[in-house]
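Below is the file protein19.cif, which contains mmCIF, C-alpha atoms.
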data_data
#
loop_
_atom_site.label_atom_id
_atom_site.label_comp_id
_atom_site.auth_asym_id
_atom_site.auth_seq_id
_atom_site.Cartn_x
_atom_site.Cartn_y
_atom_site.Cartn_z
CA MET A 28 0.00 0.00 0.00
CA LEU A 29 2.73 2.37 1.04
CA ALA A 30 4.69 1.50 -2.09
CA LEU A 31 1.71 2.24 -4.30
CA VAL A 32 1.10 5.59 -2.66
CA ILE A 33 4.80 6.42 -3.08
CA GLU A 34 4.51 5.43 -6.72
CA GLN A 35 1.57 7.75 -7.26
CA PRO A 36 -0.37 9.73 -4.65
CA SER A 37 -4.03 8.92 -5.14
CA TYR A 38 -7.36 8.12 -3.51
CA GLY A 39 -8.40 4.84 -1.94
CA TYR A 40 -10.28 3.04 -4.67
CA GLU A 41 -7.66 3.83 -7.31
CA VAL A 42 -4.89 2.53 -5.06
CA TRP A 43 -6.89 -0.64 -4.49
CA GLN A 44 -7.24 -1.11 -8.26
CA ARG A 45 -3.47 -0.83 -8.68
CA PHE A 46 -2.96 -3.13 -5.70
CA ASP A 47 -5.19 -5.74 -7.30
CA ALA A 48 -3.47 -5.39 -10.68
CA ARG A 49 0.00 -5.67 -9.14
CA PHE A 50 -0.51 -8.23 -6.40
CA GLY A 51 -3.70 -10.07 -7.40
CA GLY A 52 -3.12 -13.82 -7.12
CA LEU A 53 -0.34 -13.26 -4.60
CA LEU A 54 -2.21 -11.13 -2.09
CA ASP A 55 -5.96 -11.11 -2.61
CA VAL A 56 -7.36 -8.31 -0.51
CA GLY A 57 -10.83 -6.82 -0.75
CA ALA A 58 -11.35 -3.08 -1.23
CA SER A 59 -12.66 -2.67 2.33
CA ARG A 60 -9.34 -3.84 3.77
CA ILE A 61 -7.61 -1.14 1.77
CA TYR A 62 -9.54 1.57 3.61
CA GLN A 63 -8.60 -0.03 6.94
CA ALA A 64 -4.98 -0.01 5.80
CA PHE A 65 -5.27 3.67 4.84
CA ASP A 66 -6.54 4.45 8.33
CA ALA A 67 -3.67 2.53 9.92
CA LEU A 68 -1.10 4.28 7.74
CA LEU A 69 -2.67 7.67 8.55
CA ASP A 70 -2.65 6.90 12.28
CA ALA A 71 1.01 5.88 12.08
CA GLY A 72 1.87 9.10 10.26
CA LEU A 73 3.19 7.25 7.23
CA ILE A 74 0.75 8.86 4.79
CA GLU A 75 -1.17 12.12 4.85
CA GLU A 76 -4.04 13.71 3.02
CA VAL A 77 -3.08 15.89 0.08
CA PRO A 78 -4.41 19.30 1.15
CA GLY A 79 -7.49 20.48 -0.69
CA THR A 80 -8.35 17.19 -2.39
CA ALA A 81 -11.20 15.99 -0.18
CA HIS A 82 -13.83 17.80 -2.21
CA ALA A 83 -11.77 19.12 -5.06
CA SER A 84 -14.21 18.16 -7.80
CA ARG A 85 -17.49 16.39 -8.35
CA ARG A 86 -15.66 13.62 -10.16
CA GLN A 87 -13.35 13.02 -7.24
CA PRO A 88 -15.17 13.91 -3.99
CA ARG A 89 -12.62 12.09 -1.86
CA PRO A 90 -9.20 12.78 -0.42
CA SER A 91 -5.99 11.80 -2.12
CA TYR A 92 -3.13 10.54 -0.04
CA ARG A 93 0.61 10.95 -0.26
CA THR A 94 3.45 9.54 1.81
CA THR A 95 5.21 11.42 4.53
CA ALA A 96 8.99 11.43 4.95
CA ALA A 97 8.53 8.86 7.74
CA GLY A 98 6.48 6.71 5.37
CA ARG A 99 9.19 6.74 2.74
CA ARG A 100 11.81 5.78 5.34
CA GLN A 101 9.59 2.98 6.64
CA HIS A 102 9.00 1.71 3.12
CA ARG A 103 12.73 1.51 2.33
CA ALA A 104 13.38 -0.37 5.56
CA TRP A 105 10.58 -2.81 4.82
CA VAL A 106 11.78 -3.53 1.27
CA VAL A 107 15.30 -4.26 2.51
CA ASP A 108 13.85 -6.52 5.19
CA GLU A 109 11.84 -8.44 2.59
CA LEU A 110 14.85 -8.83 0.31
CA HIS A 111 16.89 -10.73 2.84
CA ARG A 112 14.53 -13.04 4.56
CA ASP A 113 16.80 -15.97 3.67
CA PRO A 114 18.23 -16.41 7.18
CA GLU A 115 14.73 -17.18 8.43
CA ARG A 116 14.18 -19.52 5.51
CA LEU A 117 17.47 -21.32 6.18
CA GLU A 118 16.56 -21.77 9.82
CA LEU A 119 13.19 -23.20 8.85
CA GLY A 120 14.94 -25.56 6.41
CA ARG A 121 17.40 -26.64 9.10
CA ARG A 122 14.58 -27.57 11.45
CA LEU A 123 12.67 -29.40 8.71
CA LEU A 124 15.77 -31.30 7.56
CA ALA A 125 16.51 -32.31 11.14
CA SER A 126 13.25 -34.27 11.15
CA VAL A 127 14.57 -36.68 8.48
CA ALA A 128 18.31 -36.40 9.15
CA ASP A 129 18.58 -40.02 10.33
CA ASP A 130 16.75 -41.42 7.32
CA ALA A 131 19.09 -41.38 4.30
CA VAL A 132 16.40 -42.63 1.90
CA ALA A 133 14.01 -39.91 2.98
CA LEU A 134 16.78 -37.31 2.68
CA ARG A 135 17.62 -38.38 -0.86
CA GLU A 136 13.97 -38.34 -1.85
CA LEU A 137 13.62 -34.89 -0.34
CA ILE A 138 16.62 -33.65 -2.30
CA ASP A 139 15.33 -35.23 -5.53
CA ARG A 140 12.00 -33.49 -5.08
CA TYR A 141 13.64 -30.22 -4.18
CA GLU A 142 15.78 -30.44 -7.32
CA GLN A 143 12.76 -31.14 -9.51
CA ALA A 144 10.97 -28.14 -7.99
CA CYS A 145 14.02 -25.97 -8.76
CA LEU A 146 14.20 -27.28 -12.34
CA ASP A 147 10.49 -26.58 -12.80
CA GLU A 148 11.01 -23.08 -11.44
CA MET A 149 13.87 -22.55 -13.89
CA ALA A 150 11.57 -23.55 -16.73
CA GLN A 151 9.19 -20.81 -15.58
CA LEU A 152 11.85 -18.11 -15.90
CA ALA A 153 10.76 -15.89 -18.76
CA PRO A 154 13.42 -14.26 -20.90
CA ALA A 155 13.75 -10.53 -20.34
CA ASP A 156 12.40 -8.37 -23.10
CA ALA A 157 15.52 -7.78 -25.11
CA ASP A 158 13.99 -4.76 -26.84
CA ALA A 159 12.88 -3.03 -23.65
CA ASP A 160 14.49 0.32 -23.08
CA PRO A 161 15.74 0.25 -19.49
CA ASP A 162 15.41 4.03 -19.28
CA ALA A 163 11.81 4.02 -20.43
CA SER A 164 10.13 2.28 -17.53
CA GLY A 165 11.07 1.95 -13.91
CA SER A 166 8.88 -1.14 -13.56
CA ALA A 167 10.72 -2.86 -16.46
CA VAL A 168 14.00 -2.32 -14.64
CA ALA A 169 12.49 -3.62 -11.41
CA GLU A 170 11.17 -6.71 -13.20
CA ARG A 171 14.58 -7.39 -14.62
CA LEU A 172 16.30 -6.97 -11.27
CA LEU A 173 13.84 -9.30 -9.56
CA ALA A 174 14.18 -11.91 -12.33
CA GLU A 175 17.95 -11.85 -11.96
CA GLU A 176 17.71 -12.18 -8.19
CA ARG A 177 15.38 -15.18 -8.60
CA ARG A 178 17.77 -16.74 -11.11
CA LEU A 179 20.77 -16.34 -8.82
CA VAL A 180 18.82 -17.85 -5.92
CA LEU A 181 18.06 -20.85 -8.12
CA GLU A 182 21.73 -21.14 -9.03
CA ALA A 183 22.66 -21.24 -5.36
CA ARG A 184 20.02 -23.88 -4.68
CA MET A 185 21.25 -26.07 -7.51
CA LYS A 186 24.79 -25.89 -6.19
CA TRP A 187 23.53 -26.78 -2.74
CA ILE A 188 21.74 -29.83 -4.20
CA LEU A 189 24.99 -31.01 -5.81
CA PHE A 190 26.77 -30.50 -2.50
CA ALA A 191 24.05 -32.40 -0.63
CA ARG A 192 24.30 -35.36 -2.98
CA ARG A 193 28.07 -35.47 -2.56
CA GLN A 194 27.61 -35.42 1.20
CA LEU A 195 25.12 -38.26 1.04
CA GLY A 196 27.43 -40.24 -1.22
CA THR A 197 24.87 -40.53 -3.96
CA SER A 198 24.55 -39.27 -7.53
CA MET B 29 7.57 -39.70 -32.59
CA SER B 30 10.08 -37.33 -31.08
CA LEU B 31 12.67 -35.63 -33.25
CA LEU B 32 15.61 -36.59 -31.04
CA VAL B 33 15.65 -39.59 -28.73
CA LEU B 34 18.53 -40.62 -26.50
CA GLU B 35 17.95 -43.92 -24.80
CA HIS B 36 20.16 -45.13 -21.96
CA ALA B 37 23.16 -43.39 -23.48
CA THR B 38 26.38 -44.27 -21.68
CA LYS B 39 29.87 -43.12 -22.50
CA ARG B 40 33.07 -43.88 -20.59
CA PHE B 41 36.48 -42.34 -21.14
CA LYS B 42 39.67 -44.03 -20.05
CA SER B 43 42.85 -42.23 -19.16
CA GLY B 44 45.52 -44.59 -17.87
CA GLN B 45 43.99 -46.51 -15.00
CA ARG B 46 41.28 -43.92 -14.48
CA GLU B 47 37.88 -44.46 -16.05
CA THR B 48 35.40 -41.63 -16.12
CA VAL B 49 31.72 -42.13 -16.82
CA ALA B 50 30.89 -38.97 -18.79
CA LEU B 51 27.37 -40.05 -19.64
CA ASP B 52 25.57 -42.50 -17.41
CA ASP B 53 22.37 -44.10 -18.68
CA ALA B 54 21.06 -40.77 -19.99
CA SER B 55 17.67 -40.68 -21.68
CA LEU B 56 16.13 -37.65 -23.31
CA GLU B 57 13.49 -36.76 -25.90
CA LEU B 58 13.10 -33.56 -27.86
CA ASP B 59 10.33 -32.47 -30.19
CA ALA B 60 10.41 -29.78 -32.84
CA GLY B 61 9.74 -26.47 -31.12
CA ASP B 62 11.18 -27.67 -27.80
CA CYS B 63 13.73 -25.55 -26.02
CA VAL B 64 15.53 -27.64 -23.42
CA ALA B 65 18.36 -26.47 -21.19
CA VAL B 66 20.69 -28.89 -19.46
CA TYR B 67 22.20 -27.36 -16.36
CA GLY B 68 25.48 -28.70 -15.09
CA LEU B 69 28.78 -27.57 -13.71
CA ARG B 70 32.16 -28.20 -15.35
CA ARG B 71 33.00 -31.86 -15.91
CA SER B 72 29.37 -32.88 -15.44
CA GLY B 73 29.19 -34.39 -18.94
CA ARG B 74 27.54 -31.49 -20.76
CA THR B 75 29.67 -31.52 -23.89
CA THR B 76 29.60 -35.31 -24.04
CA LEU B 77 25.81 -35.20 -23.97
CA LEU B 78 25.70 -32.73 -26.86
CA ARG B 79 28.23 -34.68 -28.92
CA ALA B 80 26.21 -37.83 -28.31
CA ALA B 81 23.04 -36.02 -29.40
CA ALA B 82 24.83 -34.85 -32.55
CA GLY B 83 25.76 -38.42 -33.39
CA ILE B 84 29.48 -37.68 -33.44
CA LEU B 85 30.35 -39.66 -30.33
CA PRO B 86 30.20 -43.45 -30.44
CA LEU B 87 28.36 -44.64 -27.34
CA ASP B 88 29.40 -47.55 -25.16
CA GLU B 89 25.76 -48.33 -24.51
CA GLY B 90 22.41 -46.97 -25.58
CA THR B 91 21.14 -45.36 -28.77
CA VAL B 92 20.57 -41.96 -30.35
CA ARG B 93 17.77 -41.59 -32.88
CA PHE B 94 17.08 -38.50 -34.95
CA GLY B 95 13.87 -38.37 -36.94
CA GLY B 96 13.34 -42.02 -36.08
CA ARG B 97 16.66 -43.15 -37.55
CA ASP B 98 19.66 -44.44 -35.64
CA LEU B 99 22.25 -41.66 -35.77
CA SER B 100 25.21 -44.00 -35.45
CA GLY B 101 24.63 -45.12 -39.03
CA ARG B 102 24.15 -41.70 -40.62
CA SER B 103 25.92 -39.17 -38.45
CA ALA B 104 27.91 -37.66 -41.30
CA HIS B 105 24.67 -36.73 -43.06
CA ALA B 106 22.76 -35.44 -40.05
CA LEU B 107 25.36 -33.22 -38.44
CA GLY B 108 25.84 -29.98 -40.28
CA VAL B 109 22.63 -30.30 -42.26
CA GLU B 110 19.68 -31.38 -40.16
CA ILE B 111 21.59 -30.86 -36.93
CA GLY B 112 23.39 -27.59 -36.24
CA TYR B 113 26.10 -27.66 -33.62
CA CYS B 114 27.26 -24.51 -31.91
CA SER B 115 30.35 -25.24 -29.87
CA ALA B 116 31.58 -23.19 -26.94
CA SER B 117 33.97 -21.24 -29.17
CA PHE B 118 33.65 -19.82 -32.67
CA ASP B 119 37.31 -20.65 -33.43
CA PRO B 120 38.21 -17.48 -35.34
CA ALA B 121 41.74 -18.59 -36.16
CA HIS B 122 41.72 -18.83 -39.92
CA GLY B 123 41.10 -15.34 -41.24
CA GLY B 124 38.28 -14.19 -43.54
CA THR B 125 35.12 -12.40 -42.52
CA VAL B 126 32.37 -13.72 -40.33
CA THR B 127 30.24 -14.23 -43.43
CA ASP B 128 33.01 -16.39 -44.94
CA HIS B 129 33.07 -18.57 -41.83
CA VAL B 130 29.31 -18.92 -41.72
CA ALA B 131 29.18 -19.87 -45.42
CA VAL B 132 31.81 -22.61 -45.13
CA ALA B 133 29.34 -25.40 -44.32
CA LEU B 134 27.43 -24.66 -47.55
CA LEU B 135 30.52 -24.26 -49.74
CA ALA B 136 31.76 -27.62 -48.45
CA ARG B 137 28.52 -29.16 -49.68
CA GLY B 138 28.86 -27.74 -53.16
CA VAL B 139 26.56 -24.73 -52.86
CA GLY B 140 27.66 -21.92 -55.21
CA ARG B 141 29.58 -19.01 -53.75
CA THR B 142 26.87 -16.37 -54.31
CA ARG B 143 24.11 -18.58 -53.00
CA ALA B 144 26.22 -19.57 -50.00
CA ARG B 145 26.90 -15.91 -49.18
CA ASP B 146 23.20 -15.06 -49.45
CA ARG B 147 22.32 -17.92 -47.14
CA ALA B 148 25.10 -16.93 -44.73
CA GLU B 149 23.79 -13.36 -44.59
CA GLU B 150 20.29 -14.67 -44.02
CA ALA B 151 21.54 -16.85 -41.14
CA LEU B 152 23.47 -13.93 -39.66
CA GLU B 153 20.36 -11.79 -39.80
CA ARG B 154 18.31 -14.52 -38.14
CA ALA B 155 20.91 -14.75 -35.38
CA GLY B 156 20.95 -10.98 -34.93
CA ALA B 157 24.56 -10.82 -36.11
CA SER B 158 24.30 -8.84 -39.35
CA ALA B 159 26.42 -6.05 -37.91
CA SER B 160 29.32 -8.51 -37.55
CA ALA B 161 29.06 -9.91 -41.08
CA HIS B 162 32.00 -7.99 -42.60
CA LEU B 163 34.28 -8.21 -39.55
CA ASP B 164 37.21 -10.47 -38.85
CA PRO B 165 35.99 -12.94 -36.19
CA ARG B 166 38.97 -11.99 -34.03
CA GLU B 167 37.41 -8.52 -33.64
CA LEU B 168 34.16 -9.81 -32.17
CA HIS B 169 33.00 -9.44 -28.59
CA ALA B 170 31.86 -12.48 -26.63
CA ASP B 171 28.17 -12.07 -27.43
CA GLU B 172 28.91 -11.40 -31.10
CA LEU B 173 30.95 -14.60 -31.26
CA VAL B 174 28.01 -16.53 -29.81
CA ARG B 175 25.63 -15.05 -32.36
CA ALA B 176 28.08 -15.76 -35.18
CA GLY B 177 28.33 -19.34 -33.94
CA ILE B 178 24.54 -19.64 -33.91
CA ALA B 179 24.43 -18.24 -37.46
CA ARG B 180 27.03 -20.79 -38.59
CA ALA B 181 24.91 -23.57 -37.08
CA LEU B 182 21.73 -22.18 -38.64
CA VAL B 183 23.06 -21.74 -42.15
CA THR B 184 22.00 -25.23 -43.20
CA ARG B 185 18.53 -24.61 -41.76
CA PRO B 186 18.75 -27.48 -39.27
CA ARG B 187 15.79 -29.03 -37.49
CA LEU B 188 17.81 -29.42 -34.31
CA LEU B 189 20.18 -26.86 -32.85
CA LEU B 190 22.70 -28.00 -30.24
CA LEU B 191 24.50 -25.32 -28.26
CA ASP B 192 27.33 -25.77 -25.82
CA GLU B 193 27.11 -23.03 -23.19
CA PRO B 194 25.77 -20.24 -25.40
CA THR B 195 25.73 -17.79 -22.49
CA ASN B 196 29.20 -18.43 -21.17
CA GLY B 197 31.27 -15.26 -20.78
CA VAL B 198 28.48 -13.04 -22.09
CA ASP B 199 27.35 -10.05 -20.06
CA LEU B 200 23.93 -10.14 -18.47
CA LEU B 201 21.96 -7.99 -20.91
CA GLU B 202 23.42 -9.76 -23.92
CA ARG B 203 22.81 -13.11 -22.26
CA ASP B 204 19.10 -12.34 -22.02
CA ALA B 205 19.01 -11.26 -25.66
CA ILE B 206 20.68 -14.51 -26.77
CA LEU B 207 18.23 -16.56 -24.71
CA ALA B 208 15.33 -14.64 -26.24
CA LEU B 209 16.77 -15.44 -29.68
CA LEU B 210 16.96 -19.16 -28.87
CA ARG B 211 13.40 -19.04 -27.59
CA GLU B 212 12.31 -17.44 -30.88
CA LEU B 213 14.10 -20.13 -32.88
CA ALA B 214 12.26 -22.80 -30.90
CA ASP B 215 8.96 -21.00 -31.39
CA THR B 216 9.48 -21.15 -35.14
CA GLY B 217 9.95 -24.92 -35.03
CA THR B 218 13.66 -25.55 -34.48
CA ALA B 219 14.34 -27.92 -31.60
CA VAL B 220 16.88 -26.34 -29.28
CA LEU B 221 19.05 -28.27 -26.84
CA MET B 222 21.59 -26.22 -24.90
CA THR B 223 23.92 -26.86 -22.04
CA VAL B 224 24.32 -24.13 -19.46
CA GLY B 225 26.45 -23.54 -16.40
CA GLU B 226 23.86 -21.28 -14.81
CA PRO B 227 20.06 -21.21 -14.66
CA VAL B 228 18.67 -19.52 -17.74
CA ALA B 229 15.28 -18.22 -18.81
CA GLY B 230 13.27 -19.28 -21.82
CA ALA B 231 13.49 -23.07 -21.73
CA ASP B 232 10.42 -25.31 -21.77
CA ARG B 233 12.24 -27.86 -19.68
CA VAL B 234 15.38 -27.71 -17.61
CA LEU B 235 17.33 -30.85 -16.81
CA ALA B 236 20.24 -31.25 -14.45
CA LEU B 237 23.40 -33.15 -15.29
CA ASP B 238 25.82 -34.32 -12.63
CA ARG B 239 28.60 -36.83 -13.21
CA GLY B 240 26.88 -37.98 -16.38
CA ARG B 241 23.50 -38.58 -14.72
CA LEU B 242 20.63 -36.67 -16.25
CA ARG B 243 17.77 -35.63 -13.99
CA GLY B 244 14.46 -33.93 -14.54
CA ASP B 245 11.66 -34.31 -17.07
CA ALA B 246 13.57 -36.05 -19.84
CA VAL B 247 10.44 -36.56 -21.93
CA PRO B 248 8.12 -33.78 -23.13
CA GLU B 249 4.68 -33.68 -21.52
CA GLN B 250 2.97 -34.66 -24.74
CA ALA B 251 5.52 -36.49 -26.84
CA SER B 252 3.98 -36.11 -30.27
CA VAL B 253 4.72 -35.11 -33.83
CA LEU B 254 6.12 -31.63 -34.44
CA PRO B 255 4.22 -29.40 -32.01
CA LEU B 256 4.67 -25.70 -32.57
CA ARG B 257 4.18 -23.77 -29.38
CA PRO B 258 4.65 -20.03 -29.55
CA ARG B 259 5.14 -19.03 -25.94
CA HIS B 260 6.99 -15.85 -25.20
CA ALA B 261 7.46 -14.20 -28.54
CA GLU B 262 5.94 -13.80 -31.93
CA PRO B 263 7.49 -16.12 -34.50
CA VAL B 264 10.38 -14.74 -36.49
CA ALA B 265 9.27 -13.86 -39.99
#
Mind converting the file's structure to structure tokens?
Amino acid sequence: MLALVIEQPSYGYEVWQRFDARFGGLLDVGASRIYQAFDALLDAGLIEEVPGTAHASRRQPRPSYRTTAAGRRQHRAWVVDELHRDPERLELGRRLLASVADDAVALRELIDRYEQACLDEMAQLAPADADADPDASGSAVAERLLAEERRLVLEARMKWILFARRQLGTS
Amino acid sequence: MSLLVLEHATKRFKSGQRETVALDDASLELDAGDCVAVYGLRRSGRTTLLRAAAGILPLDEGTVRFGGRDLSGRSAHALGVEIGYCSASFDPAHGGTVTDHVAVALLARGVGRTRARDRAEEALERAGASASAHLDPRELHADELVRAGIARALVTRPRLLLLDEPTNGVDLLERDAILALLRELADTGTAVLMTVGEPVAGADRVLALDRGRLRGDAVPEQASVLPLRPRHAEPVA
């Protein structure tokens, strides 16, 4: 929500439409939740009403919102936090692996399945648009950066799978 | 019937007392329009797999069939005509322009010089390498060498394109452009089998190769006759 308001100050319903277009399928949230989120962001001082927009025209008889400096700082911190959640993921993996650590057959099967999942994910990687002008669209650049990050994560996982097989003495 | 079928392909190399299994019971099927990437690190058997698929490597066990025919009996006819092979290097050691190098395969088969040059230029254009046509191959950058290699493999209009690490040493933006090109070639009906040392985008299937063992979905979901499946891009005219 905060990101979308940073992207373009606007009013509630329009932000919800962009939210749905951007995150639909990943985060399905009804329009009513968006207004609750607006209230929470307002209370926390992360967004504020754009002065004079509440009844600016008959077509838009509702306030527009923009982020505050605190909101922009909070957003940057949150994005960084999301980008390196791997330590938590590794800890979760460690605890899950511990449950089958004494069962070599189960471990191998787990690794085989994990590898197949990684291979399937690789097959879902779409080639970047070679003709896209990186200066033309910030979202195109973001897409490309995220795709590369996903690809590198997959590369690390595949190397880990090779390592795991060597450790288990299997091929 | 799949275009390319490897069944239980096994290849061992001996060096002194050491025996290495470069390909270990590997099975794989490819249809026209398929784009398959085989991911593996160095010494995993990637090049052996491609050479086996090209029919230029006698197997210790197993078979390779191309278009339903056993490749071991007709390799000289398949490779370089129906099968294009793009090795890891363009080998620009012998002078001449890129167009000259790309045209060689046709000249060697008796195609006239003018016709061979026209076809070479057409292949270079298809590979996005027209700008390199008049250059000495030694002047080319890494990505231009890859594209020139793809053009050289395409010049005979093969049904199957084999590529050994087409993204190796290429910078990230050019890598994506080359992968998009390979995807386009697959979408226009050429079967594409490439080995890669890193995960890449654009493949229908990705297999893993480790110490000669091939893992993953070796067989297409619907093994059938010549499916054409435009996926990411409009077909190349």
* To do: Can you work out the spacing between atom CA of A:Ser37 and atom CA of A:Arg99 in Å, to one decimal?
  => 15.5 Å
* For the structure shown, which residues end up in the PyMOL selection byres ((chain A) within 12 of (chain B))? Put them as a ChimeraX atom specification, please? => /A:138-161,168,171-172,174-186,188-190,192-193,197-198
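Pairwise distance (atom CA of B:Gly61, atom CA of B:Val220) equals 7.4 Å.
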* Give me the result of the PyMOL selection byres ((chain B and resi 219) around 8) on this file, residue by residue, as a ChimeraX atom specification. => /B:58-63,187-189,213-214,217-218,220-221
Print the selection's residues with C-alpha atoms to a file, as a JSON list (two decimals), keeping the file's coordinate frame.
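part36.json was written with the following content:
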[["chain", "number", "residue", "atom", "x", "y", "z"],
["B", 58, "LEU", "CA", 13.10, -33.56, -27.86],
["B", 59, "ASP", "CA", 10.33, -32.47, -30.19],
["B", 60, "ALA", "CA", 10.41, -29.78, -32.84],
["B", 61, "GLY", "CA", 9.74, -26.47, -31.12],
["B", 62, "ASP", "CA", 11.18, -27.67, -27.80],
["B", 63, "CYS", "CA", 13.73, -25.55, -26.02],
["B", 187, "ARG", "CA", 15.79, -29.03, -37.49],
["B", 188, "LEU", "CA", 17.81, -29.42, -34.31],
["B", 189, "LEU", "CA", 20.18, -26.86, -32.85],
["B", 213, "LEU", "CA", 14.10, -20.13, -32.88],
["B", 214, "ALA", "CA", 12.26, -22.80, -30.90],
["B", 217, "GLY", "CA", 9.95, -24.92, -35.03],
["B", 218, "THR", "CA", 13.66, -25.55, -34.48],
["B", 220, "VAL", "CA", 16.88, -26.34, -29.28],
["B", 221, "LEU", "CA", 19.05, -28.27, -26.84]]
* Asked: Just so the selection is clear, what residues does the PyMOL selection byres ((chain A and resi 74) around 10) cover here, as a PyMOL selection string?
  -> chain A and resi 29+32-33+36+65-73+75-77+92-99
* In Å, how far is it from atom CA of B:Val139 to atom CA of B:Thr184? -> 10.7 Å
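Closest approach to B:Ala80 among B:His36, B:Arg154, B:Arg175, B:His162: B:His36, based on all atoms listed in the file.
Using all atoms listed in the file, the nearest neighbour of B:Asp171 within the list B:Ala116, B:Leu134, B:Val49, B:Met222 is B:Ala116.
Between A:Leu134 and the candidates A:Glu109, A:Ser91, A:Gly196, A:Glu118, the tightest atom-to-atom separation, counting all atoms listed in the file, involves A:Gly196.
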